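Participant: Take this structure, written in structure tokens, and hold onto it; I'll ask about it next.
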Amino acid sequence: MAARPRIKDVAALAGVAPSTVSAVLNDEGSPRASVATRERVHEAARSLGYVPNGIARGLRTRRSMTLALISDVIATTPYAGQLIQGAQDAAWRAGYLLVLVNTGGNTELEEHAIRALRQQQVDGALYATMYHRVVSVPQGLDGLPVVVLDARPETDGFPCVVPDEEAGARTAVQELARHGHRRIAFVLDERDGPAALGRLRGYRAELARQGLPDDPGRVVRAASDSAGGRRAALELLDQAQPPTAIFAFNDQMAVGVYHAASDRGLRIPEDLSVVGFDDLYVIGRELSPGLTTVALPHYAMGEAATQLLLAQVEGAERPPAVARLVDCPLIRRGSVGPARSPDAPADRG
């Protein structure tokens, strides 16, 4: 087996001193290394397959160049992979390795994993959740740079990165109002988490801004799945003055709205317009017509949270314990159309 190349081998091939190789490969900005010298050093390292000793570098810098992403079930869901990708890309660009720990919501496993990560001297941690909610940051992370991702910390002391739920809901209502809809209903999650409360605030705020009626009877709460969306939508569609448009708390509830419209012989978008929230790949593109929805910015959130974490790791003080809101863009497909005239009957053929 060939011996592992050493720093003096790179120096000999590049025609420079070993100290110059060390300065160039560790990006220490040695004044002795011109652009041409740096290129020779990198080329020599590549040709020899030389990899700097991370342990030795860690002893010098007191960093392991490793970040952790600790989550509940993100790694096992097909919906939030972009969150991991955004975090990983931001870490990689800065020269850090991202280690993923998926606990499945198991507190004992989480505690064990955090102890192991601390023993490996990770430089910082992202504490992430599958959906926007309030979390208690584990005590095992005390003293470590931490950013809470897609969640809000129960107590002060940690910055967090979350979707701008309120602005996203306003975008949905604005899109429906732009098509002439005045009777806009909302099928809403029955749980009072940050996502539900934020989207309800946005829905009501945009109705007010558009000069549209805010009828409490047009907000129906149900389980945030297809069955819940169907039940809530049927209740709305059976009203004396049914809505011409429904904003769904999430794409799964929007599927239920589609089923309810079919139950009542209504066409989307000719008789009823629908906007969802999440932009789940397996839903939005597969429904017919395709679902217009507000996207959760998973990639942008992962990227922003990692950048915020790196700012702490690399010497800056911990940022204020405030929420950084990330925009939720509208994804237009085929489920929104012009509002019917109030006097025109729906075509139930």
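Just remember, in the structure tokens the first chain shown is A, the second B, etc., residues are 1-based per chain, and ligands are 1-based in the order shown.
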Which residues in region 69-153 of chain A does DSSP call strand (DSSP E or B)? List them as a short mmCIF file (atom, residue, chain, number, x, y, z; two decimals) with N, CA and C atoms, in the first residue's frame.
Facilitator:
data_model
loop_
_atom_site.label_atom_id
_atom_site.label_comp_id
_atom_site.auth_asym_id
_atom_site.auth_seq_id
_atom_site.Cartn_x
_atom_site.Cartn_y
_atom_site.Cartn_z
N LEU A 69 -26.90 19.11 12.60
CA LEU A 69 -28.32 19.42 12.42
C LEU A 69 -29.10 18.34 13.16
N ILE A 70 -29.70 18.73 14.28
CA ILE A 70 -30.44 17.80 15.12
C ILE A 70 -31.93 18.02 14.86
N SER A 71 -32.62 16.98 14.43
CA SER A 71 -34.03 17.14 14.06
C SER A 71 -34.87 16.03 14.65
N LEU A 97 -18.34 20.55 7.56
CA LEU A 97 -19.11 19.34 7.33
C LEU A 97 -20.37 19.39 8.19
N LEU A 98 -21.51 19.04 7.61
CA LEU A 98 -22.76 19.01 8.36
C LEU A 98 -23.11 17.57 8.72
N VAL A 99 -23.29 17.31 9.99
CA VAL A 99 -23.66 15.99 10.49
C VAL A 99 -25.14 16.01 10.85
N LEU A 100 -25.90 15.08 10.31
CA LEU A 100 -27.34 15.02 10.55
C LEU A 100 -27.68 13.97 11.59
N VAL A 101 -28.48 14.36 12.58
CA VAL A 101 -28.98 13.44 13.59
C VAL A 101 -30.50 13.52 13.58
N ASN A 102 -31.14 12.42 13.25
CA ASN A 102 -32.60 12.35 13.22
C ASN A 102 -33.06 11.52 14.42
N GLY A 124 -21.06 23.93 16.35
CA GLY A 124 -22.36 24.57 16.53
C GLY A 124 -23.45 23.62 16.10
N ALA A 125 -24.69 23.98 16.42
CA ALA A 125 -25.80 23.08 16.10
C ALA A 125 -27.02 23.84 15.62
N LEU A 126 -27.69 23.25 14.64
CA LEU A 126 -29.01 23.68 14.22
C LEU A 126 -30.01 22.74 14.90
N TYR A 127 -30.98 23.30 15.60
CA TYR A 127 -32.00 22.47 16.25
C TYR A 127 -33.29 22.67 15.45
N ALA A 128 -33.67 21.64 14.68
CA ALA A 128 -34.73 21.81 13.68
C ALA A 128 -35.92 20.91 13.95
N THR A 129 -37.09 21.33 13.44
CA THR A 129 -38.30 20.53 13.57
C THR A 129 -38.97 20.37 12.21
N MET A 130 -39.84 19.39 12.13
CA MET A 130 -40.54 19.06 10.89
C MET A 130 -41.50 20.17 10.48
N TYR A 131 -42.15 20.80 11.46
CA TYR A 131 -43.08 21.87 11.14
C TYR A 131 -42.92 23.00 12.16
N HIS A 132 -43.37 24.17 11.82
CA HIS A 132 -43.20 25.37 12.63
C HIS A 132 -43.99 25.25 13.94
N ARG A 133 -43.26 25.14 15.04
CA ARG A 133 -43.89 25.03 16.35
C ARG A 133 -42.96 25.59 17.42
N VAL A 134 -43.40 25.60 18.65
CA VAL A 134 -42.59 26.06 19.77
C VAL A 134 -41.87 24.86 20.37
N VAL A 135 -40.55 24.99 20.60
CA VAL A 135 -39.77 23.88 21.12
C VAL A 135 -38.95 24.31 22.34
N VAL A 146 -26.01 27.92 18.83
CA VAL A 146 -27.22 27.21 18.40
C VAL A 146 -28.14 28.16 17.66
N VAL A 147 -28.75 27.67 16.59
CA VAL A 147 -29.83 28.37 15.90
C VAL A 147 -31.00 27.39 15.78
N VAL A 148 -32.17 27.85 16.15
CA VAL A 148 -33.38 27.02 16.05
C VAL A 148 -33.95 27.21 14.65
N LEU A 149 -34.27 26.10 14.00
CA LEU A 149 -34.66 26.12 12.59
C LEU A 149 -36.07 25.58 12.40
N ASP A 150 -36.92 26.37 11.74
CA ASP A 150 -38.32 26.02 11.49
C ASP A 150 -39.07 25.79 12.79
N ALA A 151 -38.70 26.52 13.81
CA ALA A 151 -39.36 26.45 15.12
C ALA A 151 -38.99 27.70 15.90
N ARG A 152 -39.73 27.91 16.99
CA ARG A 152 -39.43 29.03 17.87
C ARG A 152 -39.08 28.49 19.25
N PRO A 153 -38.01 29.02 19.87
CA PRO A 153 -37.61 28.50 21.19
C PRO A 153 -38.62 28.91 22.26
#
Participant: Need to verify the contact set: region 283-289 of chain A, 7 Å, only C-alpha atoms, exclusion of same-chain residues closer than 4 positions in sequence. Can you return it as a PyMOL selection string?
Facilitator: chain A and resi 251+279+334-335
Participant: Output C-alpha atoms of each residue in that selection to a file, as a PDB file, in the first residue's frame.
Facilitator:
ATOM      1  CA  ASP A 251     -51.770  21.291   0.661  1.00  0.00           C
ATOM      2  CA  ASP A 279     -45.939  23.278  -2.102  1.00  0.00           C
ATOM      3  CA  GLY A 334     -54.224  25.980 -12.404  1.00  0.00           C
ATOM      4  CA  SER A 335     -56.518  26.125  -9.372  1.00  0.00           C
TER       5      SER A 335
END
Participant: I want to know what sits within 9 Å of region 196-213 of chain A, based on only C-alpha atoms, with residues of the same chain fewer than 2 positions away left out; could you give that as number ranges by chain?
Facilitator: A: 164-174, 177, 182-184, 186, 188-194, 215, 219, 247, 249
Participant: Rounded to one decimal in Å, what is the spacing between CA of Val336 (chain A) and CA of Thr292 (chain A)?
Facilitator: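 If I compute the distance from CA of Val336 (chain A) to CA of Thr292 (chain A), I get 6.8 Å.
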Participant: Do a neighbour search on region 222-231 of chain A at 6 Å with only C-alpha atoms, toss out local chain neighbours closer than 6 positions, and write the hits as a list in words.
Facilitator: Asp189, Glu190, Gln252, Met253, Val255, Gly256, Val257 and Ala260 of chain A
Participant: Once you have the residues from the selection above, write them out as a short mmCIF file (atom, residue, chain, number, x, y, z; two decimals), in the first residue's frame, restricted to N, CA and C atoms.
Facilitator:
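Result file part-v3.cif:
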data_model
loop_
_atom_site.label_atom_id
_atom_site.label_comp_id
_atom_site.auth_asym_id
_atom_site.auth_seq_id
_atom_site.Cartn_x
_atom_site.Cartn_y
_atom_site.Cartn_z
N ASP A 189 -56.14 24.72 10.30
CA ASP A 189 -55.74 23.69 11.27
C ASP A 189 -56.43 23.94 12.61
N GLU A 190 -56.90 22.88 13.24
CA GLU A 190 -57.59 23.02 14.52
C GLU A 190 -56.63 23.30 15.68
N GLN A 252 -52.38 19.39 2.06
CA GLN A 252 -53.17 18.20 2.37
C GLN A 252 -54.64 18.57 2.57
N MET A 253 -54.89 19.67 3.26
CA MET A 253 -56.27 20.14 3.41
C MET A 253 -56.84 20.56 2.05
N VAL A 255 -56.29 19.13 -0.74
CA VAL A 255 -56.77 17.91 -1.40
C VAL A 255 -58.21 17.64 -0.97
N GLY A 256 -58.49 17.81 0.31
CA GLY A 256 -59.85 17.63 0.80
C GLY A 256 -60.82 18.61 0.21
N VAL A 257 -60.36 19.84 -0.04
CA VAL A 257 -61.22 20.84 -0.69
C VAL A 257 -61.56 20.38 -2.11
N ALA A 260 -64.25 17.81 -1.80
CA ALA A 260 -65.54 18.41 -1.45
C ALA A 260 -66.17 19.08 -2.66
#
Participant: Pick out the closest residue to Leu296 (chain A) from this set: A:Thr37, A:Gln119, A:Gln82, A:Thr20. Count only C-alpha atoms.
Facilitator: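 Answer, going by the shortest atom-to-atom distance: A:Gln82.
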Participant: What are the DSSP alpha helix (DSSP H) residues of region 221-253 of chain A, as a PyMOL selection string?
Facilitator: chain A and resi 226-237+251-253
Participant: Write out as a PDB file with N, CA and C atoms, in the first residue's frame the residues lying within 7 Å of Ile246 (chain A), counting only C-alpha atoms and excluding same-chain residues fewer than 2 positions away.
Facilitator:
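The resulting file, part32.pdb, is reproduced below:
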ATOM      1  N   ILE A 184     -64.043  34.862   0.258  1.00  0.00           N
ATOM      2  CA  ILE A 184     -62.857  34.013   0.390  1.00  0.00           C
ATOM      3  C   ILE A 184     -62.888  33.353   1.767  1.00  0.00           C
ATOM      4  N   ALA A 185     -62.945  32.043   1.777  1.00  0.00           N
ATOM      5  CA  ALA A 185     -62.992  31.290   3.034  1.00  0.00           C
ATOM      6  C   ALA A 185     -61.614  30.702   3.358  1.00  0.00           C
ATOM      7  N   PHE A 186     -61.483  30.235   4.586  1.00  0.00           N
ATOM      8  CA  PHE A 186     -60.214  29.682   5.065  1.00  0.00           C
ATOM      9  C   PHE A 186     -60.490  28.390   5.815  1.00  0.00           C
ATOM     10  N   PRO A 243     -68.559  30.308  -0.372  1.00  0.00           N
ATOM     11  CA  PRO A 243     -67.420  31.054  -0.913  1.00  0.00           C
ATOM     12  C   PRO A 243     -67.179  30.707  -2.380  1.00  0.00           C
ATOM     13  N   ALA A 248     -56.571  27.112   1.794  1.00  0.00           N
ATOM     14  CA  ALA A 248     -56.367  25.963   2.672  1.00  0.00           C
ATOM     15  C   ALA A 248     -55.093  26.133   3.481  1.00  0.00           C
ATOM     16  N   SER A 273     -62.222  28.506  -6.698  1.00  0.00           N
ATOM     17  CA  SER A 273     -60.767  28.633  -6.742  1.00  0.00           C
ATOM     18  C   SER A 273     -60.172  28.162  -5.419  1.00  0.00           C
ATOM     19  N   VAL A 274     -58.967  27.595  -5.487  1.00  0.00           N
ATOM     20  CA  VAL A 274     -58.324  27.026  -4.298  1.00  0.00           C
ATOM     21  C   VAL A 274     -56.853  27.413  -4.284  1.00  0.00           C
ATOM     22  N   VAL A 275     -56.384  27.813  -3.104  1.00  0.00           N
ATOM     23  CA  VAL A 275     -54.954  28.054  -2.887  1.00  0.00           C
ATOM     24  C   VAL A 275     -54.529  27.262  -1.655  1.00  0.00           C
TER      25      VAL A 275
END
Participant: I'd like the neighbourhood of Ile331 (chain A) as a ChimeraX atom specification, where a residue qualifies if any of its atoms comes within 7 Å (using only C-alpha atoms), though same-chain residues fewer than 6 positions away should be ignored.
Facilitator: /A:292-295
Participant: Nearest to Ala36 (chain A): which of A:Gly217, A:Glu110, A:Ala14, A:Ile7 is it, counting only C-alpha atoms?
Facilitator: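 Closest to Ala36 (chain A) of all the choices is A:Ala14.
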Participant: Compile the contact shell of Asp123 (chain A) as a PyMOL selection string: residues with an atom at most 10 Å away, counting only C-alpha atoms, same-chain residues fewer than 3 positions apart removed.
Facilitator: chain A and resi 62-68+96+117-118+120+144-146+309-310+312-314
Participant: Find the residue from A:Gly265, A:Asp327, A:Ala195, A:Arg332 that sits nearest to Leu291 (chain A); use only C-alpha atoms when measuring.
Facilitator: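 Using only C-alpha atoms, Leu291 (chain A) sits closest to A:Arg332.
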Participant: Could you jot down the CA of His298 (chain A) to CA of Ala80 (chain A) separation for me, Å, one decimal place?
Facilitator: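 Spanning CA of His298 (chain A) to CA of Ala80 (chain A) is a straight-line distance of 6.4 Å.
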